[in-house]
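S.K.: Please find data-v2.tsv (TSV, C-alpha atoms) on the next line:
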chain	number	residue	atom	x	y	z
A	48	MET	CA	13.00	-12.63	-20.40
A	49	THR	CA	11.82	-9.12	-21.28
A	50	TYR	CA	8.28	-8.18	-20.25
A	51	ASP	CA	6.16	-5.74	-22.27
A	52	PHE	CA	4.78	-3.19	-19.84
A	53	ASP	CA	3.76	-1.02	-22.80
A	54	GLU	CA	1.13	-3.54	-23.89
A	55	LEU	CA	-2.31	-1.93	-23.67
A	56	ILE	CA	-4.81	-4.17	-21.90
A	57	ASP	CA	-8.47	-3.41	-22.59
A	58	ARG	CA	-10.13	-3.56	-19.17
A	59	THR	CA	-13.35	-1.79	-20.15
A	60	ASN	CA	-16.61	-3.66	-19.57
A	61	THR	CA	-14.87	-6.34	-17.49
A	62	ASP	CA	-16.42	-5.38	-14.14
A	63	SER	CA	-13.14	-3.72	-13.23
A	64	VAL	CA	-13.58	-1.38	-10.28
A	65	LYS	CA	-10.95	0.92	-11.75
A	66	TRP	CA	-12.27	1.11	-15.30
A	67	ASP	CA	-16.00	0.53	-14.95
A	68	LYS	CA	-16.34	3.45	-12.57
A	69	TYR	CA	-16.42	5.46	-15.79
A	70	LYS	CA	-18.33	2.95	-17.88
A	71	ASP	CA	-19.37	4.29	-21.28
A	72	ARG	CA	-17.37	7.49	-20.68
A	73	ASP	CA	-14.08	8.41	-22.32
A	74	ILE	CA	-12.10	8.77	-19.10
A	75	ILE	CA	-8.60	7.46	-18.41
A	76	PRO	CA	-8.76	6.08	-14.83
A	77	LEU	CA	-5.76	7.02	-12.70
A	78	TRP	CA	-7.38	6.65	-9.31
A	79	VAL	CA	-7.67	3.35	-7.35
A	80	ALA	CA	-4.38	1.56	-6.59
A	81	ASP	CA	-4.26	-1.25	-9.07
A	82	MET	CA	-1.97	-1.28	-12.10
A	83	ASP	CA	-2.86	-1.90	-15.74
A	84	PHE	CA	-0.11	-4.47	-16.30
A	85	LYS	CA	-0.58	-8.19	-16.81
A	86	ALA	CA	0.58	-10.29	-13.89
A	87	ALA	CA	3.85	-12.16	-14.29
A	88	PRO	CA	3.60	-15.39	-16.35
A	89	PRO	CA	4.46	-17.67	-13.37
A	90	ILE	CA	1.46	-16.25	-11.53
A	91	LEU	CA	-0.86	-16.77	-14.49
A	92	GLN	CA	0.44	-20.33	-14.86
A	93	ALA	CA	-0.18	-21.02	-11.17
A	94	LEU	CA	-3.79	-19.85	-11.52
A	95	GLU	CA	-4.24	-22.01	-14.60
A	96	ASN	CA	-2.96	-25.03	-12.67
A	97	VAL	CA	-5.62	-24.54	-10.00
A	98	VAL	CA	-8.33	-24.35	-12.68
A	99	LYS	CA	-7.04	-27.53	-14.38
A	100	GLN	CA	-7.45	-29.47	-11.16
A	101	GLY	CA	-11.13	-28.58	-11.36
A	102	VAL	CA	-12.04	-28.78	-7.67
A	103	ILE	CA	-12.12	-25.42	-5.92
A	104	GLY	CA	-12.35	-26.34	-2.26
A	105	TYR	CA	-10.79	-25.15	0.97
A	106	TRP	CA	-7.00	-24.99	1.09
A	107	HIS	CA	-4.54	-24.70	3.92
A	108	THR	CA	-1.38	-22.64	3.55
A	109	PRO	CA	1.19	-24.45	1.39
A	110	ASP	CA	4.34	-25.31	3.34
A	111	GLU	CA	6.45	-24.02	0.47
A	112	LEU	CA	4.77	-20.62	0.69
A	113	LEU	CA	5.55	-20.39	4.40
A	114	ASN	CA	9.17	-21.25	3.74
A	115	VAL	CA	9.40	-18.75	0.88
A	116	VAL	CA	7.98	-15.97	3.08
A	117	ILE	CA	10.38	-16.77	5.94
A	118	LYS	CA	13.32	-16.74	3.51
A	119	ARG	CA	12.11	-13.51	1.90
A	120	LEU	CA	11.79	-11.65	5.20
A	121	LYS	CA	15.25	-12.78	6.24
A	122	GLU	CA	16.86	-11.71	2.97
A	123	ARG	CA	14.90	-8.51	2.27
A	124	HIS	CA	13.99	-7.31	5.76
A	125	ASN	CA	16.85	-8.79	7.78
A	126	TRP	CA	14.17	-10.33	9.97
A	127	GLU	CA	14.21	-13.91	11.24
A	128	ILE	CA	10.67	-14.94	12.02
A	129	LYS	CA	9.03	-18.15	13.17
A	130	LYS	CA	6.46	-19.98	11.07
A	131	GLU	CA	3.82	-19.76	13.80
A	132	TRP	CA	4.01	-15.95	13.79
A	133	ILE	CA	2.33	-15.80	10.37
A	134	ILE	CA	-1.45	-15.48	10.04
A	135	TRP	CA	-2.89	-15.45	6.52
A	136	LEU	CA	-5.63	-13.03	5.59
A	137	PRO	CA	-8.02	-12.52	2.65
A	138	GLY	CA	-6.74	-8.96	2.19
A	139	LEU	CA	-4.69	-6.33	3.98
A	140	VAL	CA	-7.60	-4.03	4.83
A	141	PRO	CA	-9.23	-6.78	6.93
A	142	GLY	CA	-5.89	-6.99	8.73
A	143	LEU	CA	-6.12	-3.32	9.66
A	144	THR	CA	-9.59	-3.77	11.14
A	145	LEU	CA	-8.64	-6.97	12.95
A	146	SER	CA	-5.62	-5.22	14.46
A	147	CYS	CA	-7.83	-2.43	15.75
A	148	MET	CA	-10.26	-4.97	17.20
A	149	THR	CA	-7.52	-7.09	18.77
A	150	VAL	CA	-5.91	-4.45	20.98
A	151	GLY	CA	-7.68	-2.48	23.69
A	152	ASN	CA	-11.32	-2.02	24.59
A	153	ASP	CA	-14.28	-0.14	23.16
A	154	GLY	CA	-13.69	3.58	23.43
A	155	ASP	CA	-9.90	3.33	23.53
A	156	GLU	CA	-7.85	5.52	21.21
A	157	ILE	CA	-5.88	4.82	18.05
A	158	ILE	CA	-3.42	7.33	16.60
A	159	THR	CA	-2.58	7.65	12.94
A	160	THR	CA	-1.01	10.32	10.80
A	161	VAL	CA	-2.81	12.18	8.03
A	162	PRO	CA	-3.26	12.47	5.14
A	163	VAL	CA	-3.49	8.70	4.89
A	164	TYR	CA	-5.08	5.86	2.98
A	165	GLY	CA	-8.82	5.80	3.74
A	166	PRO	CA	-9.09	2.45	5.60
A	167	PHE	CA	-6.73	3.80	8.26
A	168	MET	CA	-9.49	6.20	9.22
A	169	ARG	CA	-12.33	3.69	8.91
A	170	ALA	CA	-10.82	0.66	10.67
A	171	PRO	CA	-10.70	2.23	14.17
A	172	ILE	CA	-14.33	3.26	13.89
A	173	ALA	CA	-15.33	-0.25	12.81
A	174	ALA	CA	-13.49	-1.55	15.89
A	175	LYS	CA	-15.38	0.87	18.18
A	176	LYS	CA	-12.26	2.87	18.96
A	177	ASN	CA	-11.70	6.63	18.85
A	178	LEU	CA	-9.41	7.82	16.06
A	179	VAL	CA	-6.85	10.53	16.83
A	180	LYS	CA	-5.27	12.14	13.75
A	181	VAL	CA	-1.84	13.79	13.76
A	182	PRO	CA	-0.75	15.66	10.60
A	183	LEU	CA	2.49	14.76	8.87
A	184	LEU	CA	5.19	17.38	8.42
A	185	LEU	CA	6.63	18.42	5.06
A	186	GLU	CA	10.35	18.97	5.61
A	187	ASN	CA	12.95	19.37	2.87
A	188	ASN	CA	10.48	18.24	0.19
A	189	ARG	CA	9.68	15.09	2.13
A	190	TRP	CA	6.80	14.04	4.36
A	191	THR	CA	7.75	12.83	7.83
A	192	PHE	CA	6.48	12.47	11.40
A	193	ASP	CA	5.77	15.32	13.82
A	194	PHE	CA	7.04	13.52	16.90
A	195	GLU	CA	6.14	16.30	19.32
A	196	ALA	CA	2.56	16.26	18.07
A	197	ILE	CA	2.44	12.46	18.34
A	198	LYS	CA	3.63	12.57	21.95
A	199	ALA	CA	1.14	15.32	22.76
A	200	ALA	CA	-1.71	13.21	21.35
A	201	ILE	CA	-1.00	10.20	23.60
A	202	THR	CA	-3.32	9.61	26.55
A	203	PRO	CA	-3.77	6.68	28.95
A	204	ARG	CA	-6.36	5.31	26.52
A	205	THR	CA	-4.01	5.27	23.51
A	206	LYS	CA	-3.54	1.61	22.57
A	207	ILE	CA	-2.44	1.50	18.92
A	208	PHE	CA	-0.35	3.55	16.52
A	209	MET	CA	-1.25	2.81	12.89
A	210	LEU	CA	1.84	3.15	10.70
A	211	CYS	CA	1.95	3.14	6.91
A	212	ASN	CA	5.47	2.46	5.61
A	213	PRO	CA	6.12	3.13	2.77
A	214	TYR	CA	3.53	5.83	3.10
A	215	ASN	CA	0.31	5.99	1.10
A	216	PRO	CA	-0.23	8.61	-0.26
A	217	ALA	CA	2.91	10.66	0.45
A	218	GLY	CA	5.40	8.05	-0.81
A	219	THR	CA	7.85	8.29	2.11
A	220	VAL	CA	10.19	5.43	3.00
A	221	PHE	CA	10.88	6.13	6.66
A	222	THR	CA	14.50	6.04	7.82
A	223	LYS	CA	15.85	3.88	10.60
A	224	GLU	CA	16.17	6.97	12.81
A	225	GLU	CA	12.56	8.01	12.21
A	226	LEU	CA	11.28	4.52	12.91
A	227	GLN	CA	13.46	4.16	16.01
A	228	THR	CA	12.08	7.39	17.48
A	229	LEU	CA	8.52	6.26	16.80
A	230	ALA	CA	9.18	2.80	18.23
A	231	ASP	CA	10.73	4.26	21.38
A	232	ILE	CA	7.65	6.43	21.94
A	233	CYS	CA	5.30	3.48	21.46
A	234	VAL	CA	7.32	1.12	23.68
A	235	GLU	CA	7.52	3.74	26.43
A	236	HIS	CA	3.74	4.14	26.44
A	237	ASN	CA	2.93	0.45	25.82
A	238	ILE	CA	1.32	1.25	22.47
A	239	VAL	CA	1.01	-1.53	19.88
A	240	ILE	CA	2.16	-0.60	16.38
A	241	CYS	CA	0.08	-1.81	13.45
A	242	SER	CA	2.51	-1.47	10.53
A	243	ASP	CA	1.05	-1.62	7.01
A	244	GLU	CA	4.01	-2.44	4.75
A	245	ILE	CA	2.10	-3.43	1.62
A	246	HIS	CA	4.22	-1.13	-0.59
A	247	CYS	CA	7.58	-2.28	0.79
A	248	ASP	CA	8.67	-3.83	-2.52
A	249	LEU	CA	7.82	-0.73	-4.57
A	250	ILE	CA	10.84	1.44	-3.74
A	251	LEU	CA	11.43	4.02	-6.47
A	252	ASP	CA	14.36	5.89	-4.94
A	253	GLU	CA	17.26	3.47	-5.25
A	254	ARG	CA	19.08	5.24	-2.41
A	255	LYS	CA	16.35	4.17	0.01
A	256	LYS	CA	15.81	0.86	1.76
A	257	HIS	CA	12.64	-0.39	3.41
A	258	ILE	CA	12.98	-1.18	7.11
A	259	SER	CA	10.32	-3.09	9.00
A	260	ILE	CA	9.83	-1.34	12.33
A	261	ALA	CA	9.61	-4.73	14.08
A	262	THR	CA	13.26	-5.41	13.18
A	263	LEU	CA	14.66	-2.53	15.25
A	264	ASN	CA	14.81	-4.41	18.54
A	265	LYS	CA	12.97	-7.08	20.54
A	266	ASP	CA	10.77	-4.57	22.34
A	267	ALA	CA	9.53	-3.12	19.06
A	268	GLU	CA	9.09	-6.61	17.61
A	269	ASN	CA	7.00	-7.68	20.60
A	270	GLN	CA	4.65	-4.70	20.19
A	271	THR	CA	4.15	-4.77	16.43
A	272	ILE	CA	1.59	-6.33	14.10
A	273	THR	CA	3.21	-6.23	10.64
A	274	LEU	CA	0.91	-6.51	7.62
A	275	LEU	CA	2.36	-7.62	4.28
A	276	SER	CA	1.10	-8.78	0.90
A	277	PRO	CA	2.23	-9.49	-2.65
A	278	SER	CA	-0.92	-7.80	-3.96
A	279	LYS	CA	0.29	-4.29	-4.87
A	280	THR	CA	3.76	-5.31	-6.01
A	281	PHE	CA	2.59	-8.07	-8.33
A	282	ASN	CA	-0.79	-6.54	-9.26
A	283	ILE	CA	-2.89	-9.36	-7.83
A	284	ALA	CA	-4.98	-7.37	-5.35
A	285	GLY	CA	-8.19	-8.92	-6.66
A	286	LEU	CA	-7.12	-12.34	-5.42
A	287	GLY	CA	-7.07	-11.31	-1.75
A	288	CYS	CA	-3.93	-12.72	-0.16
A	289	SER	CA	-2.12	-10.98	2.69
A	290	PHE	CA	-0.57	-11.97	5.97
A	291	ALA	CA	0.18	-10.64	9.43
A	292	VAL	CA	3.41	-11.32	11.28
A	293	ILE	CA	2.77	-11.17	15.04
A	294	PRO	CA	5.59	-12.29	17.38
A	295	ASN	CA	3.67	-11.53	20.60
A	296	ASN	CA	1.85	-14.71	21.65
A	297	GLU	CA	-1.03	-12.97	23.44
A	298	ILE	CA	-1.72	-10.49	20.64
A	299	ARG	CA	-1.43	-13.21	18.00
A	300	ALA	CA	-3.84	-15.54	19.82
A	301	ARG	CA	-6.53	-12.87	20.06
A	302	PHE	CA	-5.96	-11.77	16.46
A	303	ALA	CA	-6.20	-15.37	15.24
A	304	THR	CA	-9.42	-15.99	17.17
A	305	LEU	CA	-11.10	-12.92	15.71
A	306	ARG	CA	-9.79	-13.78	12.25
A	307	SER	CA	-11.33	-17.28	12.41
A	308	ILE	CA	-14.72	-15.84	13.35
A	309	ILE	CA	-14.89	-12.85	11.03
A	310	GLU	CA	-12.82	-13.51	7.91
A	311	PRO	CA	-13.21	-16.12	5.15
A	312	GLU	CA	-10.42	-18.56	4.29
A	313	VAL	CA	-7.77	-17.62	1.76
A	314	SER	CA	-8.46	-19.27	-1.60
A	315	ALA	CA	-6.33	-21.75	-3.53
A	316	PHE	CA	-5.93	-19.12	-6.25
A	317	ALA	CA	-4.57	-16.58	-3.77
A	318	TYR	CA	-2.12	-18.96	-2.11
A	319	GLN	CA	-0.73	-20.26	-5.40
A	320	ALA	CA	-0.44	-16.77	-6.89
A	321	ALA	CA	1.42	-15.55	-3.80
A	322	LEU	CA	3.78	-18.50	-3.96
A	323	ALA	CA	4.52	-17.97	-7.65
A	324	ALA	CA	5.01	-14.23	-7.12
A	325	TYR	CA	7.45	-14.54	-4.25
A	326	ARG	CA	9.28	-17.59	-5.63
A	327	ASP	CA	9.41	-16.83	-9.37
A	328	GLY	CA	8.58	-13.16	-9.83
A	329	ASP	CA	11.88	-11.36	-9.21
A	330	GLU	CA	12.75	-10.57	-12.82
A	331	TRP	CA	9.24	-9.30	-13.58
A	332	HIS	CA	9.39	-7.20	-10.40
A	333	ASN	CA	12.76	-5.67	-11.33
A	334	GLN	CA	11.52	-4.68	-14.77
A	335	LEU	CA	8.32	-3.28	-13.27
A	336	LEU	CA	10.35	-1.00	-10.99
A	337	SER	CA	12.38	0.29	-13.93
A	338	TYR	CA	9.16	1.09	-15.79
A	339	LEU	CA	7.54	2.77	-12.78
A	340	ARG	CA	10.62	4.94	-12.19
A	341	LYS	CA	10.34	6.31	-15.72
A	342	ASN	CA	6.63	6.93	-15.25
A	343	HIS	CA	7.34	8.68	-11.95
A	344	ASP	CA	9.90	11.02	-13.47
A	345	PHE	CA	7.52	11.89	-16.30
A	346	VAL	CA	4.60	12.60	-13.96
A	347	LEU	CA	6.82	14.57	-11.56
A	348	GLN	CA	7.97	16.88	-14.33
A	349	GLU	CA	4.51	17.34	-15.81
A	350	MET	CA	2.67	17.96	-12.55
A	351	ASN	CA	5.15	20.63	-11.52
A	352	SER	CA	4.66	22.36	-14.87
A	353	PHE	CA	1.02	23.23	-14.12
A	354	ASN	CA	0.34	26.56	-12.44
A	355	GLY	CA	-0.45	26.05	-8.76
A	356	PHE	CA	0.46	22.34	-8.79
A	357	THR	CA	3.32	20.96	-6.66
A	358	MET	CA	4.47	17.35	-6.49
A	359	GLN	CA	7.33	16.16	-4.29
A	360	PRO	CA	9.49	13.27	-5.55
A	361	LEU	CA	8.22	9.92	-4.29
A	362	GLU	CA	10.51	7.49	-2.53
A	363	ALA	CA	8.09	4.60	-3.05
A	364	THR	CA	4.70	3.50	-4.47
A	365	TYR	CA	3.16	4.32	-7.85
A	366	LEU	CA	0.79	6.91	-6.36
A	367	ALA	CA	1.64	10.57	-6.98
A	368	TRP	CA	0.54	12.99	-4.23
A	369	ILE	CA	-0.03	16.43	-5.72
A	370	ASP	CA	-0.66	19.72	-3.91
A	371	ILE	CA	-3.13	21.84	-5.90
A	372	ARG	CA	-3.96	24.41	-3.22
A	373	GLU	CA	-2.26	27.27	-5.06
A	374	SER	CA	-4.20	26.55	-8.24
A	375	GLY	CA	-7.43	27.96	-6.82
A	376	ILE	CA	-9.36	25.15	-8.53
A	377	GLU	CA	-12.53	23.94	-6.86
A	378	ASN	CA	-14.13	20.55	-7.58
A	379	ILE	CA	-10.91	19.26	-9.14
A	380	ALA	CA	-12.16	15.67	-9.56
A	381	GLU	CA	-15.22	16.81	-11.50
A	382	LEU	CA	-13.17	19.20	-13.62
A	383	LEU	CA	-10.69	16.48	-14.58
A	384	GLU	CA	-13.38	13.88	-15.19
A	385	ASN	CA	-15.04	16.27	-17.62
A	386	ALA	CA	-11.66	16.52	-19.33
A	387	GLY	CA	-11.32	12.73	-19.48
A	388	ILE	CA	-9.08	11.94	-16.49
A	389	GLY	CA	-10.13	10.12	-13.32
A	390	ILE	CA	-8.08	10.85	-10.17
A	391	SER	CA	-8.61	10.48	-6.42
A	392	ASP	CA	-9.62	13.62	-4.53
A	393	GLY	CA	-7.30	13.93	-1.53
A	394	GLY	CA	-9.92	15.55	0.64
A	395	VAL	CA	-12.48	12.82	0.05
A	396	TYR	CA	-10.24	9.78	0.44
A	397	PHE	CA	-7.22	10.75	2.51
A	398	ASP	CA	-8.05	13.70	4.79
A	399	GLY	CA	-5.86	15.74	2.45
A	400	LYS	CA	-7.98	18.65	1.28
A	401	GLY	CA	-6.30	20.53	-1.55
A	402	TYR	CA	-4.46	17.46	-2.85
A	403	ILE	CA	-5.06	14.84	-5.50
A	404	ARG	CA	-3.62	11.34	-5.86
A	405	LEU	CA	-2.74	10.06	-9.30
A	406	ASN	CA	-1.93	6.40	-10.05
A	407	PHE	CA	0.87	6.19	-12.63
A	408	GLY	CA	0.94	2.39	-12.64
A	409	THR	CA	-0.19	2.25	-16.24
A	410	GLN	CA	1.23	2.32	-19.75
A	411	MET	CA	3.22	5.41	-20.68
A	412	ARG	CA	0.93	6.02	-23.66
A	413	ARG	CA	-2.03	6.33	-21.33
A	414	LEU	CA	-0.11	8.68	-19.05
A	415	GLU	CA	0.87	10.85	-22.01
A	416	ALA	CA	-2.75	10.94	-23.19
A	417	ALA	CA	-3.94	11.88	-19.71
A	418	ILE	CA	-1.38	14.68	-19.40
A	419	TRP	CA	-2.35	16.00	-22.83
A	420	ARG	CA	-5.99	16.17	-21.67
A	421	MET	CA	-4.91	17.91	-18.45
A	422	ARG	CA	-3.00	20.52	-20.41
A	423	LYS	CA	-6.09	21.33	-22.44
A	424	VAL	CA	-8.21	22.03	-19.37
A	425	LEU	CA	-5.59	23.47	-16.99
A	426	ASN	CA	-3.71	25.73	-19.37
Would you encode the structure as C-alpha cells?
M.R.:
Amino acid sequence: MTYDFDELIDRTNTDSVKWDKYKDRDIIPLWVADMDFKAAPPILQALENVVKQGVIGYWHTPDELLNVVIKRLKERHNWEIKKEWIIWLPGLVPGLTLSCMTVGNDGDEIITTVPVYGPFMRAPIAAKKNLVKVPLLLENNRWTFDFEAIKAAITPRTKIFMLCNPYNPAGTVFTKEELQTLADICVEHNIVICSDEIHCDLILDERKKHISIATLNKDAENQTITLLSPSKTFNIAGLGCSFAVIPNNEIRARFATLRSIIEPEVSAFAYQAALAAYRDGDEWHNQLLSYLRKNHDFVLQEMNSFNGFTMQPLEATYLAWIDIRESGIENIAELLENAGIGISDGGVYFDGKGYIRLNFGTQMRRLEAAIWRMRKVLN
C-alpha cells in the first residue's frame, strides 16, 4: 500500500499545541516535535476498536505488546531482554524525571551534554539534583562527545549521565566506539546512564545504525535505564505511551515504586496504538523515512543558501539544527514569526544560543511555502 504523505491535514483550531500556538495568525509552525502526517491506518483502526467497545477503564499491558517489544529489540537492537525488565510509562519525559529521582540523593549531580532537548535540563532540577552541562564538540561536520570534558566534570557526587541517542537537536547517531568510550567512563565511576532513544527508528543516513548503549556489555546493561517509545516514529505522541527497560533489579524496583506513586496508568488507547504501530506499521514507517529524507535534503540545501546560516547533515530525526550566529540576526524567532514561520529558538529551548531548530516533519508544500517566506525576509 502507498501512503500519501503529501496530503494536507488542517490542524488549525483543533487545540493542537503545534498549530494553535499561532491561532488566528498566518504562521506555518515548524517548531514542536510532532509531524503533520496522519497515523498509519492500523493505528487508527486500533483506536476505533477501543471506542467501539465503549468502556474506557483501566488496562494492563497486553501480553502481545510485551512479546512484540521483546521481538523488536532482539531484531532491531540485537538485545535480548526479559519481560520483567519493561516498565510502561505515560510518556518519555516522565521517564527522564523518574530516572533522575531513582538514582542518588538530593544534591547529587547529573551530567548531560548541551545543546540538548529541554527536559534534559529540567528533569534533574525536578529531582532535586544539580545539573552539570558539558558542551558537545563539532568535528568533521558532526556533533560528538568531548570525553575529556566529561571526565573532568565527574565528581564523587556524579550519579547519572543523561544520554540522548539519536541526539536531539543535533541529529547524531553515536557510533559503537563513541558509546563504548562513554560506557567505560560511566562504569568506571559507577554512574548510571539514562539513555533516551526515542528517535532510534528515525535514521536518515542509511549508512548509520542505531546502537543501544545497554547492548555493549553486561556492565553497561546493568547500569543503564533505556527509554523508548513509538510516539515520535509513528506520530502518536499525544497518546502518551513509552517504556523503560531496566535490567538492574535494584534500580528497577525503585523506579517502579516511584512510577506507581507519581504517574498515571497508560491508557487503552496508548497500549493498542503502540501494539498496532510495532506489529503492523513497518511499511508506513519505511515510506515515512523515504519522505523525511527528501525533506531533509531540501531543507539542508535551502538553509545553507542563506547568508550566515549553516546546517550540518542530520544522521537522524526530523529536526534540523541550524547555526545562525554568522547572520548577525537578533530575535530570530520574532523575525521569522512576523514573516509567517514558527521555529524553536535554540537559546530558549536547548541551551544553544545562536541556533534554531526547524521541524521538517510536514508536507513538502508547507516546507516550500515556509522557505519562500524565509527568502523574502532574509534576502
S.K.: Counting only C-alpha atoms, which residue out of A:Ala284, A:Ala93, A:Val234, A:Ala196 sits closest to Ser63 of chain A?
M.R.: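 When distances to Ser63 of chain A are compared using only C-alpha atoms, the smallest one comes from A:Ala284.
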S.K.: Tell me, as a ChimeraX atom specification, which residues lie within 9 Å of Phe302 of chain A, counting only C-alpha atoms; anything in the same chain fewer than 4 positions away does not count.
M.R.: /A:134,145-146,148-150,293,297-298,306-307
S.K.: Please identify every residue of segment 234-292 of chain A that has at least one atom no farther than 12 Å from an atom of segment 102-109 of chain A, counting all atoms listed in the file, and for each give the shortest atom pair and the distance in Å to one decimal, arranged by chain then increasing number, as CSV.
M.R.:
residue,atom,partner,partner_atom,distance
A:Cys288,CA,A:Thr108,CA,10.9
A:Ser289,CA,A:Thr108,CA,11.7
A:Phe290,CA,A:Thr108,CA,11.0
S.K.: Name the residues within 12 Å of (5.7, 19.0, -14.8), counting all atoms listed in the file in the file's coordinates, and put them as an MDAnalysis selection string.
M.R.: chainID A and resid 343:360 369 415 418:419 421:422
S.K.: Quick one: distance from atom CA of Leu382 of chain A to atom CA of Asn215 of chain A in Å, one decimal?
M.R.: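 Answer for the atom CA of Leu382 of chain A to atom CA of Asn215 of chain A separation: 23.9 Å.
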S.K.: Using Å and a single decimal, report how far atom CA of Ile245 of chain A sits from atom CA of Asn333 of chain A.
M.R.: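 Between atom CA of Asn333 of chain A and atom CA of Ile245 of chain A the gap works out to 16.9 Å.
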S.K.: For Asn342 of chain A, work out the shell of residues within 9 Å, counting all atoms listed in the file and skipping chain neighbours fewer than 5 positions away, then give it as a PyMOL selection string.
M.R.: chain A and resi 337+347+365+407-411+414
S.K.: Please report as a tab-separated table every residue of segment 353-399 of chain A lying within 6 Å of segment 159-178 of chain A, along with the nearest atom pair and their distance in Å (one decimal), using all atoms listed in the file.
M.R.:
residue	atom	partner	partner_atom	distance
A:Tyr396	CA	A:Gly165	CA	5.4
A:Phe397	CA	A:Val163	CA	4.9
A:Asp398	CA	A:Pro162	CA	5.0
A:Gly399	CA	A:Pro162	CA	5.0
S.K.: Could you tell me which of A:Asn114, A:Asn212, A:Thr59, A:Ser391 comes closest to Ile379 of chain A if we count only C-alpha atoms?
M.R.: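 Of the candidates, the smallest distance to Ile379 of chain A is held by A:Ser391.
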S.K.: Considering all atoms listed in the file, return as a PDB file with C-alpha atoms, in the frame of the given file whatever protein or nucleic-acid residues lie within 8 Å of segment 116-124 of chain A, sequence-local ones (same chain, fewer than 2 positions apart) excluded.
M.R.:
ATOM      1  CA  LEU A 112       4.770 -20.620   0.690  1.00  0.00           C
ATOM      2  CA  LEU A 113       5.550 -20.390   4.400  1.00  0.00           C
ATOM      3  CA  ASN A 114       9.170 -21.250   3.740  1.00  0.00           C
ATOM      4  CA  TRP A 126      14.170 -10.330   9.970  1.00  0.00           C
ATOM      5  CA  GLU A 127      14.210 -13.910  11.240  1.00  0.00           C
ATOM      6  CA  ILE A 128      10.670 -14.940  12.020  1.00  0.00           C
ATOM      7  CA  LYS A 129       9.030 -18.150  13.170  1.00  0.00           C
ATOM      8  CA  LYS A 130       6.460 -19.980  11.070  1.00  0.00           C
ATOM      9  CA  HIS A 257      12.640  -0.390   3.410  1.00  0.00           C
ATOM     10  CA  ILE A 258      12.980  -1.180   7.110  1.00  0.00           C
ATOM     11  CA  SER A 259      10.320  -3.090   9.000  1.00  0.00           C
ATOM     12  CA  THR A 262      13.260  -5.410  13.180  1.00  0.00           C
ATOM     13  CA  TYR A 325       7.450 -14.540  -4.250  1.00  0.00           C
TER      14      TYR A 325
END
S.K.: Out of A:Ala323, A:Ile75, A:Ala363, A:Ala199, which residue has the shortest atom-to-atom distance to Arg413 of chain A when counting all atoms listed in the file?
M.R.: A:Ile75
S.K.: Find the axis-aligned box for segment 368-386 of chain A, covering all its listed atoms and adding 3 Å on each side, and write its centre and edge lengths in Å to one decimal as JSON.
M.R.:
{"center_x": -7.3, "center_y": 20.5, "center_z": -11.3, "size_x": 21.8, "size_y": 21.0, "size_z": 22.1}
S.K.: Find the spatial neighbours of Tyr69 of chain A, counting all atoms listed in the file, within a cut-off of 10 Å - ignore same-chain residues fewer than 5 positions away - and output them as a list of chain:residue names.
M.R.: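 Contacts, with the query itself left out: A:Thr59, A:Asn60, A:Val64, A:Ile74, A:Ile75, A:Pro76, A:Glu384, A:Gly387, A:Ile388, A:Gly389.
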S.K.: Could you pull the residues within 9 Å of Lys256 of chain A, counting all atoms listed in the file, minus those fewer than 5 positions along the same chain, as a PyMOL selection string?
M.R.: chain A and resi 220-222+247+250
S.K.: From the options A:Asp370, A:Ser276, A:Phe316, A:Gly393, which residue's atoms come nearest to Val97 of chain A, counting only C-alpha atoms?
M.R.: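 Of all the options, A:Phe316 lies closest to Val97 of chain A.
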S.K.: So, counting all atoms listed in the file, which residue among A:Met48, A:Leu183, A:Val239, A:Ile56 is closest to Asp329 of chain A?
M.R.: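 Residue with the minimum atom-to-atom distance to Asp329 of chain A: A:Met48.
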S.K.: Can you tell me how far atom CA of Cys211 of chain A sits from atom CA of Asp243 of chain A, in Å to one decimal?
M.R.: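 Separation of atom CA of Cys211 of chain A and atom CA of Asp243 of chain A: 4.8 Å.
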S.K.: Which is closer to Trp331 of chain A than all the others in A:Leu77, A:Ile90, A:Ile371, A:Ala261, using only C-alpha atoms?
M.R.: A:Ile90
